[in-house]
Amino acid sequence: MNADRTDQTWDPLSDSREDRRRAERQPRTPQSTSPSYRLAYADDDFLCRDELRPVRLQLELLKPEMILTEAGIRSTVVMFGGARIPEPGKAPWAAKNETQAKNLTAAAKYYEEARSFARLCSAHSLATEAREFVVVTGGGPGVMEAGNRGAHDVGAKSIGLNVVLPHEQAPNAYVTPEFSLNFHYFAIRKMHFLMRAKAITIFPGGFGTLDELFESLTLIQTKRMEHVPLILFGSEFWNSIVDFQALADFGTIAPEDLDLLEFVDTADEAWAIIERHYGL
């Protein structure tokens, strides 16, 4: 029996891991060291070829799904928001001028609200044996760090979906290590954000946050996704950045589409919306 089969199914075929080890132990000759001789699934250069993009897309969808499924995670609370928002009391490292420094320093309140909100979600998650309402962030700094940190505060696990960027970005220190996931494809990463989402929260942020907001909103509006609570933290910020009412007045969205959005300023308000929606 193949010992690597976790379901204990009889498997008379040779194990792929053992064959990879056998191939590595073969005598080094011009033939055995040729790139053509590498096992296809153990050949990084082959897997990175342009023609293998469909396979890489599939692998990137499959690996995180298997990890979360095997961990028994059934639902999540998504926390989107800016990487540049500092922790209260810390310098606004991303500021490029005095105006940005002033605004980002004031925006530190969202770091604290994100952390508090993640504590509320995670306290409920612990009561479900970490299966429901598990916090998931983009795994980076700013609001993302605050979300993972809030879960860590109460001893709960949380997920970080990082992405490879031109500048170095390591996962924040509060992501649960076994749920620290990394992506090449933004599209697959966004799918994983939403595949288990029971609520989506959006904190102030930049282009990436806006992209995540409108992608989620479009899926709900077009009924390609369940109408889960979509909660925007910082009513003053969002009403100054996006004039949603103008879209409805112009006719490019229906008036009732505005009801898809909930605006809050505190963690308690946001959690109350989720409790009310699911009758918790």
# chains A, B, ... in the order shown; residues from 1 in each chain; ligands from 1

call {"tool": "select_by_dssp", "arguments": {"residues": "stretch 83-263 of chain A", "states": "strand (DSSP E or B)", "output": "number ranges by chain"}}
result
A: 134-137, 159-163, 180-183, 197-202, 230-233, 262-263

call {"tool": "residues_around", "arguments": {"residues": "A:Glu256", "least_positions_apart": "3", "cutoff": "12 Å", "atoms": "only C-alpha atoms", "output": "PyMOL selection string"}}
result
chain A and resi 221+244-245+247-249+251-253+259-261

call {"tool": "closest_atom_pairs", "arguments": {"of": "stretch 21-134 of chain A", "to": "stretch 149-168 of chain A", "cutoff": "12 Å", "atoms": "only C-alpha atoms", "output": "Markdown table"}}
result
| residue | atom | partner | partner_atom | distance |
| --- | --- | --- | --- | --- |
| A:Glu60 | CA | A:Val163 | CA | 11.4 |
| A:Pro64 | CA | A:Leu161 | CA | 9.2 |
| A:Glu65 | CA | A:Leu161 | CA | 11.9 |
| A:Ile67 | CA | A:Ile159 | CA | 10.9 |
| A:Leu68 | CA | A:Ile159 | CA | 9.2 |
| A:Ala71 | CA | A:Lys157 | CA | 10.8 |
| A:Ile73 | CA | A:Ile159 | CA | 10.3 |
| A:Ser75 | CA | A:Ile159 | CA | 11.5 |
| A:Thr76 | CA | A:Ile159 | CA | 9.0 |
| A:Val77 | CA | A:Ser158 | CA | 9.8 |
| A:Val78 | CA | A:Ile159 | CA | 9.5 |
| A:Met79 | CA | A:Gly160 | CA | 10.2 |
| A:Phe80 | CA | A:Leu161 | CA | 11.0 |
| A:Ala83 | CA | A:Asn162 | CA | 11.8 |
| A:Glu87 | CA | A:Arg149 | CA | 11.1 |
| A:Tyr111 | CA | A:Gly150 | CA | 10.0 |
| A:Glu112 | CA | A:Gly150 | CA | 9.0 |
| A:Glu113 | CA | A:Gly150 | CA | 9.5 |
| A:Ala114 | CA | A:Gly150 | CA | 7.5 |
| A:Arg115 | CA | A:Gly150 | CA | 4.3 |
| A:Ser116 | CA | A:Gly150 | CA | 6.1 |
| A:Phe117 | CA | A:Gly150 | CA | 7.3 |
| A:Ala118 | CA | A:Gly150 | CA | 4.8 |
| A:Arg119 | CA | A:Gly150 | CA | 4.7 |
| A:Leu120 | CA | A:Gly150 | CA | 8.3 |
| A:Cys121 | CA | A:Ala151 | CA | 7.8 |
| A:Ser122 | CA | A:Ala151 | CA | 5.4 |
| A:Ala123 | CA | A:Val154 | CA | 6.7 |
| A:His124 | CA | A:Ala156 | CA | 9.6 |
| A:Ser125 | CA | A:Ala156 | CA | 7.5 |
| A:Leu126 | CA | A:Ala156 | CA | 6.3 |
| A:Ala127 | CA | A:Ala156 | CA | 10.1 |
| A:Thr128 | CA | A:Ala156 | CA | 10.9 |
| A:Glu129 | CA | A:Ala156 | CA | 9.4 |
| A:Ala130 | CA | A:Lys157 | CA | 7.0 |
| A:Arg131 | CA | A:Lys157 | CA | 9.8 |
| A:Glu132 | CA | A:Lys157 | CA | 11.1 |
| A:Phe133 | CA | A:Ser158 | CA | 9.7 |
| A:Val134 | CA | A:Ser158 | CA | 6.0 |

call {"tool": "atom_distance", "arguments": {"atom1": "atom CA of A:Gln8", "atom2": "atom CA of A:Arg20"}}
result
21.7 Å

call {"tool": "atom_distance", "arguments": {"atom1": "atom CA of A:Trp93", "atom2": "atom CA of A:Pro141"}}
result
11.2 Å

call {"tool": "closest_residue", "arguments": {"among": "A:Pro86, A:Pro229, A:Gly139, A:Gly81", "to": "A:Lys102", "atoms": "only C-alpha atoms"}}
result
A:Pro86

call {"tool": "atom_distance", "arguments": {"atom1": "atom CA of A:Phe183", "atom2": "atom CA of A:His227"}}
result
26.6 Å

call {"tool": "closest_residue", "arguments": {"among": "A:Arg74, A:Arg49, A:Lys223, A:Arg38", "to": "A:Gln26", "atoms": "only C-alpha atoms"}}
result
A:Arg38

call {"tool": "closest_atom_pairs", "arguments": {"of": "stretch 205-228 of chain A", "to": "stretch 185-191 of chain A", "cutoff": "12 Å", "atoms": "only C-alpha atoms", "output": "tab-separated table"}}
result
residue	atom	partner	partner_atom	distance
A:Gly208	CA	A:Phe186	CA	10.2
A:Thr209	CA	A:Lys190	CA	11.3
A:Asp211	CA	A:Lys190	CA	9.9
A:Glu212	CA	A:Lys190	CA	7.6
A:Leu213	CA	A:Lys190	CA	10.8
A:Phe214	CA	A:Lys190	CA	11.7
A:Glu215	CA	A:Lys190	CA	8.7
A:Ser216	CA	A:Lys190	CA	9.1
A:Leu219	CA	A:Met191	CA	11.1
A:Met225	CA	A:Met191	CA	11.4

call {"tool": "select_by_dssp", "arguments": {"residues": "stretch 38-251 of chain A", "states": "alpha helix (DSSP H)", "output": "NGL selection string"}}
result
:A and (44-47 or 53-70 or 98-106 or 108-127 or 143-153 or 186-194 or 207-221 or 235-241 or 244-250)

call {"tool": "residues_around", "arguments": {"residues": "A:Pro204", "least_positions_apart": "5", "cutoff": "9 Å", "atoms": "only C-alpha atoms", "output": "NGL selection string"}}
result
:A and (80-82 or 85 or 107 or 110 or 143 or 209-210 or 232-234 or 237-238)

call {"tool": "residues_around", "arguments": {"residues": "A:Arg84", "least_positions_apart": "4", "cutoff": "9 Å", "atoms": "only C-alpha atoms", "output": "tab-separated table (two decimals) with all heavy atoms, in the first residue's frame"}}
result
chain	number	residue	atom	x	y	z
A	92	PRO	N	4.08	57.25	9.37
A	92	PRO	CA	3.48	56.88	8.08
A	92	PRO	C	4.57	56.65	7.04
A	92	PRO	O	4.89	57.53	6.24
A	92	PRO	CB	2.60	58.08	7.74
A	92	PRO	CG	3.29	59.23	8.41
A	92	PRO	CD	3.92	58.69	9.66
A	93	TRP	N	5.13	55.46	7.01
A	93	TRP	CA	6.31	55.15	6.21
A	93	TRP	C	6.11	55.38	4.71
A	93	TRP	O	7.06	55.63	3.96
A	93	TRP	CB	6.74	53.70	6.45
A	93	TRP	CG	5.65	52.71	6.13
A	93	TRP	CD1	4.72	52.23	6.98
A	93	TRP	CD2	5.40	52.10	4.86
A	93	TRP	NE1	3.87	51.34	6.34
A	93	TRP	CE2	4.27	51.25	5.04
A	93	TRP	CE3	6.01	52.17	3.63
A	93	TRP	CZ2	3.75	50.50	3.99
A	93	TRP	CZ3	5.48	51.43	2.58
A	93	TRP	CH2	4.36	50.59	2.77
A	94	ALA	N	4.86	55.28	4.26
A	94	ALA	CA	4.60	55.38	2.81
A	94	ALA	C	4.36	56.80	2.33
A	94	ALA	O	4.26	57.04	1.13
A	94	ALA	CB	3.40	54.51	2.44
A	95	ALA	N	4.30	57.76	3.25
A	95	ALA	CA	3.95	59.13	2.87
A	95	ALA	C	5.04	59.74	1.99
A	95	ALA	O	6.23	59.60	2.26
A	95	ALA	CB	3.76	59.98	4.12
A	104	LEU	N	-2.37	59.84	6.32
A	104	LEU	CA	-2.09	58.46	6.72
A	104	LEU	C	-1.98	58.34	8.24
A	104	LEU	O	-2.39	57.33	8.82
A	104	LEU	CB	-0.81	57.97	6.05
A	104	LEU	CG	-0.92	57.69	4.55
A	104	LEU	CD1	0.45	57.39	3.94
A	104	LEU	CD2	-1.87	56.52	4.28
A	141	PRO	N	1.31	44.22	5.01
A	141	PRO	CA	1.28	45.20	6.11
A	141	PRO	C	-0.03	45.98	6.14
A	141	PRO	O	-0.98	45.68	5.43
A	141	PRO	CB	2.46	46.11	5.76
A	141	PRO	CG	2.52	46.07	4.25
A	141	PRO	CD	2.10	44.67	3.87
A	142	GLY	N	-0.07	47.02	6.99
A	142	GLY	CA	-1.22	47.90	7.06
A	142	GLY	C	-2.46	47.22	7.59
A	142	GLY	O	-2.41	46.50	8.59
A	143	VAL	N	-3.58	47.44	6.92
A	143	VAL	CA	-4.85	46.84	7.34
A	143	VAL	C	-4.75	45.32	7.36
A	143	VAL	O	-5.33	44.65	8.22
A	143	VAL	CB	-5.99	47.30	6.40
A	143	VAL	CG1	-7.24	46.46	6.59
A	143	VAL	CG2	-6.31	48.77	6.64
A	205	GLY	N	-8.13	52.20	1.12
A	205	GLY	CA	-6.96	51.67	0.43
A	205	GLY	C	-6.81	52.31	-0.94
A	205	GLY	O	-7.50	53.27	-1.27
A	206	GLY	N	-5.91	51.77	-1.73
A	206	GLY	CA	-5.60	52.34	-3.03
A	206	GLY	C	-6.17	51.54	-4.18
A	206	GLY	O	-7.27	50.96	-4.08

call {"tool": "residues_around", "arguments": {"residues": "A:Glu236", "least_positions_apart": "4", "cutoff": "10 Å", "atoms": "only C-alpha atoms", "output": "list of chain:residue names"}}
result
A:Ser240, A:Ile241, A:Phe263, A:Val264, A:Asp265
